[in-house]
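Enquirer: I'd like to ask you about the structure that follows.
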Amino acid sequence: MAIKLKEFYFLRHAQSTANEKRQMSGSSWDVKLSPFGHSQAEQVGRFLAEAKLPIQALVTSPLVRAQTTAAYAAEALKLEAFIEEDIKEWNFGKWEGVPFEEIKEDFFSGKNPPEGETRTQFQNRVLQGMNATLSHPCPKLIVAHGAVWMILQEMLGLESARIENATLVHVKQSNHQWILTELFSPE
């Protein structure tokens with residue numbers, strides 16, 4: 001199954017308290033934004049208010065760090081944020097709260113998190129959530145997570161590129177190829 005729509009905007013949530021400490025935080029450890037994360041979310045909100053992008057709907061993960069980031073975007077865009085359960089972060093099981101450096105090798109080698117979702121389960125869930133999100137053909141902003149972005153890149157055949165917290169990208173299909181444009185990255 002493939003992603004149905006041809007265009008969307010993606011915003012990775014602003015810095016969380018776990019990002020600040022370089023800890024793994026998936027869907028079973030719901031952390032909030034750090035003070036710096038709130039500053040990043042304010043910056044992206046100001047950008048969205050000034051940029052006048054053609055965004056007509058806003059969809060967010062149910063996790064607090066994404067919903068809080070989405071609230072800044074919603075205020076700037078004068079839109080209501082809708083929640084899509086299936087675009088929440090990967091359930092990292094026993095990796096939740098562990099310093100990223102301790103599991104980095106296992107993570108990038110493709111190992112599944114112990115007592116968490118398998119990579120295939122996560123990928124299938126994200127695909128289902130994206131297709132539900134994109135089923136109505138209007139320009140949408142999706143506020144989600146780093147691993148969701150990683151899986152989307154794989155599914156769309158985009159060159160692998162990590163996006164930092166509070167980074168906004170535009171993803172569009174042209175001539176049967178997906179094109180990524182970074183629109184905003186906070187200071």
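Going by the structure tokens order, chains are called A, B, ..., each with residues numbered from 1, while ligands are numbered from 1 in the order shown.
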Which polymer residues have any atom within 10 Å of an atom of Lys6 in chain A, counting only C-alpha atoms, with same-chain residues fewer than 6 positions away left out, as a PyMOL selection string?
Expert: chain A and resi 134+137+139+171-174+176-178
Enquirer: Take the residues from that selection and put them in a file with all heavy atoms, as a PDB file, in the first residue's frame.
Expert:
ATOM      1  N   LEU A 134      -4.535  11.970   4.968  1.00  0.00           N
ATOM      2  CA  LEU A 134      -4.484  12.580   3.644  1.00  0.00           C
ATOM      3  C   LEU A 134      -5.664  12.206   2.757  1.00  0.00           C
ATOM      4  O   LEU A 134      -5.681  12.544   1.578  1.00  0.00           O
ATOM      5  CB  LEU A 134      -3.170  12.194   2.954  1.00  0.00           C
ATOM      6  CG  LEU A 134      -1.894  12.645   3.678  1.00  0.00           C
ATOM      7  CD1 LEU A 134      -0.658  12.056   3.013  1.00  0.00           C
ATOM      8  CD2 LEU A 134      -1.804  14.157   3.740  1.00  0.00           C
ATOM      9  N   PRO A 137      -8.580  15.647   0.042  1.00  0.00           N
ATOM     10  CA  PRO A 137      -7.572  16.342  -0.762  1.00  0.00           C
ATOM     11  C   PRO A 137      -7.509  17.853  -0.539  1.00  0.00           C
ATOM     12  O   PRO A 137      -8.051  18.634  -1.304  1.00  0.00           O
ATOM     13  CB  PRO A 137      -7.988  16.012  -2.196  1.00  0.00           C
ATOM     14  CG  PRO A 137      -9.463  15.819  -2.115  1.00  0.00           C
ATOM     15  CD  PRO A 137      -9.730  15.242  -0.758  1.00  0.00           C
ATOM     16  N   PRO A 139      -4.510  20.848   1.236  1.00  0.00           N
ATOM     17  CA  PRO A 139      -3.169  20.956   1.812  1.00  0.00           C
ATOM     18  C   PRO A 139      -3.205  20.840   3.340  1.00  0.00           C
ATOM     19  O   PRO A 139      -3.934  21.576   4.006  1.00  0.00           O
ATOM     20  CB  PRO A 139      -2.693  22.348   1.386  1.00  0.00           C
ATOM     21  CG  PRO A 139      -3.554  22.708   0.214  1.00  0.00           C
ATOM     22  CD  PRO A 139      -4.868  22.028   0.461  1.00  0.00           C
ATOM     23  N   VAL A 171       6.422  18.425   1.282  1.00  0.00           N
ATOM     24  CA  VAL A 171       6.655  17.203   0.516  1.00  0.00           C
ATOM     25  C   VAL A 171       5.637  17.171  -0.611  1.00  0.00           C
ATOM     26  O   VAL A 171       4.428  17.261  -0.378  1.00  0.00           O
ATOM     27  CB  VAL A 171       6.524  15.945   1.408  1.00  0.00           C
ATOM     28  CG1 VAL A 171       6.825  14.693   0.614  1.00  0.00           C
ATOM     29  CG2 VAL A 171       7.431  16.051   2.621  1.00  0.00           C
ATOM     30  N   LYS A 172       6.133  17.070  -1.839  1.00  0.00           N
ATOM     31  CA  LYS A 172       5.256  17.141  -3.011  1.00  0.00           C
ATOM     32  C   LYS A 172       5.710  16.136  -4.054  1.00  0.00           C
ATOM     33  O   LYS A 172       6.904  15.936  -4.254  1.00  0.00           O
ATOM     34  CB  LYS A 172       5.321  18.558  -3.582  1.00  0.00           C
ATOM     35  CG  LYS A 172       4.421  18.795  -4.759  1.00  0.00           C
ATOM     36  CD  LYS A 172       4.485  20.237  -5.209  1.00  0.00           C
ATOM     37  CE  LYS A 172       3.526  20.475  -6.350  1.00  0.00           C
ATOM     38  NZ  LYS A 172       3.453  21.862  -6.735  1.00  0.00           N
ATOM     39  N   GLN A 173       4.728  15.552  -4.732  1.00  0.00           N
ATOM     40  CA  GLN A 173       5.055  14.629  -5.809  1.00  0.00           C
ATOM     41  C   GLN A 173       5.048  15.382  -7.132  1.00  0.00           C
ATOM     42  O   GLN A 173       4.133  16.151  -7.427  1.00  0.00           O
ATOM     43  CB  GLN A 173       4.052  13.475  -5.857  1.00  0.00           C
ATOM     44  CG  GLN A 173       4.540  12.333  -6.726  1.00  0.00           C
ATOM     45  CD  GLN A 173       3.613  11.144  -6.663  1.00  0.00           C
ATOM     46  OE1 GLN A 173       2.441  11.259  -6.987  1.00  0.00           O
ATOM     47  NE2 GLN A 173       4.137  10.011  -6.248  1.00  0.00           N
ATOM     48  N   SER A 174       6.098  15.152  -7.916  1.00  0.00           N
ATOM     49  CA  SER A 174       6.219  15.769  -9.234  1.00  0.00           C
ATOM     50  C   SER A 174       6.855  14.755 -10.168  1.00  0.00           C
ATOM     51  O   SER A 174       7.910  14.188  -9.852  1.00  0.00           O
ATOM     52  CB  SER A 174       7.097  17.026  -9.137  1.00  0.00           C
ATOM     53  OG  SER A 174       7.284  17.589 -10.399  1.00  0.00           O
ATOM     54  N   HIS A 176       6.086  11.724 -10.776  1.00  0.00           N
ATOM     55  CA  HIS A 176       6.170  10.430 -10.083  1.00  0.00           C
ATOM     56  C   HIS A 176       7.360  10.327  -9.149  1.00  0.00           C
ATOM     57  O   HIS A 176       7.841   9.237  -8.846  1.00  0.00           O
ATOM     58  CB  HIS A 176       6.180   9.276 -11.094  1.00  0.00           C
ATOM     59  CG  HIS A 176       5.023   9.313 -12.034  1.00  0.00           C
ATOM     60  ND1 HIS A 176       3.734   9.071 -11.634  1.00  0.00           N
ATOM     61  CD2 HIS A 176       4.947   9.616 -13.361  1.00  0.00           C
ATOM     62  CE1 HIS A 176       2.923   9.199 -12.671  1.00  0.00           C
ATOM     63  NE2 HIS A 176       3.622   9.535 -13.722  1.00  0.00           N
ATOM     64  N   GLN A 177       7.841  11.474  -8.675  1.00  0.00           N
ATOM     65  CA  GLN A 177       8.961  11.497  -7.741  1.00  0.00           C
ATOM     66  C   GLN A 177       8.621  12.461  -6.610  1.00  0.00           C
ATOM     67  O   GLN A 177       8.067  13.534  -6.844  1.00  0.00           O
ATOM     68  CB  GLN A 177      10.221  11.966  -8.463  1.00  0.00           C
ATOM     69  CG  GLN A 177      11.440  12.009  -7.602  1.00  0.00           C
ATOM     70  CD  GLN A 177      12.665  12.398  -8.405  1.00  0.00           C
ATOM     71  OE1 GLN A 177      12.759  12.156  -9.598  1.00  0.00           O
ATOM     72  NE2 GLN A 177      13.619  13.010  -7.739  1.00  0.00           N
ATOM     73  N   TRP A 178       8.946  12.074  -5.394  1.00  0.00           N
ATOM     74  CA  TRP A 178       8.686  12.933  -4.238  1.00  0.00           C
ATOM     75  C   TRP A 178       9.827  13.921  -4.081  1.00  0.00           C
ATOM     76  O   TRP A 178      10.998  13.552  -4.149  1.00  0.00           O
ATOM     77  CB  TRP A 178       8.522  12.103  -2.975  1.00  0.00           C
ATOM     78  CG  TRP A 178       7.241  11.322  -2.970  1.00  0.00           C
ATOM     79  CD1 TRP A 178       7.055  10.034  -3.389  1.00  0.00           C
ATOM     80  CD2 TRP A 178       5.961  11.788  -2.552  1.00  0.00           C
ATOM     81  NE1 TRP A 178       5.737   9.689  -3.246  1.00  0.00           N
ATOM     82  CE2 TRP A 178       5.050  10.744  -2.729  1.00  0.00           C
ATOM     83  CE3 TRP A 178       5.505  13.001  -2.036  1.00  0.00           C
ATOM     84  CZ2 TRP A 178       3.708  10.854  -2.407  1.00  0.00           C
ATOM     85  CZ3 TRP A 178       4.165  13.115  -1.701  1.00  0.00           C
ATOM     86  CH2 TRP A 178       3.277  12.042  -1.892  1.00  0.00           C
TER      87      TRP A 178
END
Enquirer: So which residues touch Ser61 in chain A within 9 Å, counting only C-alpha atoms, skipping near sequence neighbours fewer than 4 positions away, as an MDAnalysis selection string?
Expert: chainID A and resid 65:67 70 82:89 142:145
Enquirer: Restricting the output to C-alpha atoms, write the selected residues as a CSV table (one decimal), in the first residue's frame.
Expert:
chain,number,residue,atom,x,y,z
A,65,ARG,CA,4.9,17.2,22.6
A,66,ALA,CA,3.2,17.1,19.2
A,67,GLN,CA,-0.1,18.5,20.4
A,70,ALA,CA,0.5,21.9,16.9
A,82,PHE,CA,-7.3,17.2,14.7
A,83,ILE,CA,-5.7,14.2,16.3
A,84,GLU,CA,-4.7,11.1,14.4
A,85,GLU,CA,-3.7,8.2,16.7
A,86,ASP,CA,-1.8,6.3,14.1
A,87,ILE,CA,0.9,9.0,13.5
A,88,LYS,CA,2.1,8.9,17.1
A,89,GLU,CA,5.8,8.0,17.7
A,142,ILE,CA,1.0,17.1,9.9
A,143,VAL,CA,2.7,17.5,13.3
A,144,ALA,CA,4.5,14.3,14.3
A,145,HIS,CA,7.8,12.8,15.3
Enquirer: Can you check which residues of range 7-172 of chain A DSSP gives as strand (DSSP E or B) on the backbone and send them as a list in words?
Expert: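 Filtering range 7-172 of chain A down to strand (DSSP E or B) leaves Glu7, Phe8, Tyr9, Phe10, Leu11, Arg12, Ser16, Gln23, Leu33, Ala57, Leu58, Val59, Thr60, Ala81, Phe82, Ile83, Pro99, Lys140, Leu141, Ile142, Val143, Ala144, Leu168, Val169, His170, Val171 and Lys172 of chain A.
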Enquirer: Would you mind listing what lies within 12 Å of Arg119 in chain A as a list in words, with only C-alpha atoms counted and same-chain residues fewer than 6 positions away left out?
Expert: Glu89, Trp90, Asn91, Phe92, Phe107, Phe108, Ser109, Gly110, Lys111, Asn112, Pro113, Arg125, Val126, Ala147, Val148, Met150, Ile151 and Glu154 of chain A
Enquirer: Where in chain A does DSSP assign alpha helix (DSSP H), given as an MDAnalysis selection string?
Expert: chainID A and resid 17:21 35:51 64:77 100:108 119:133 146:156
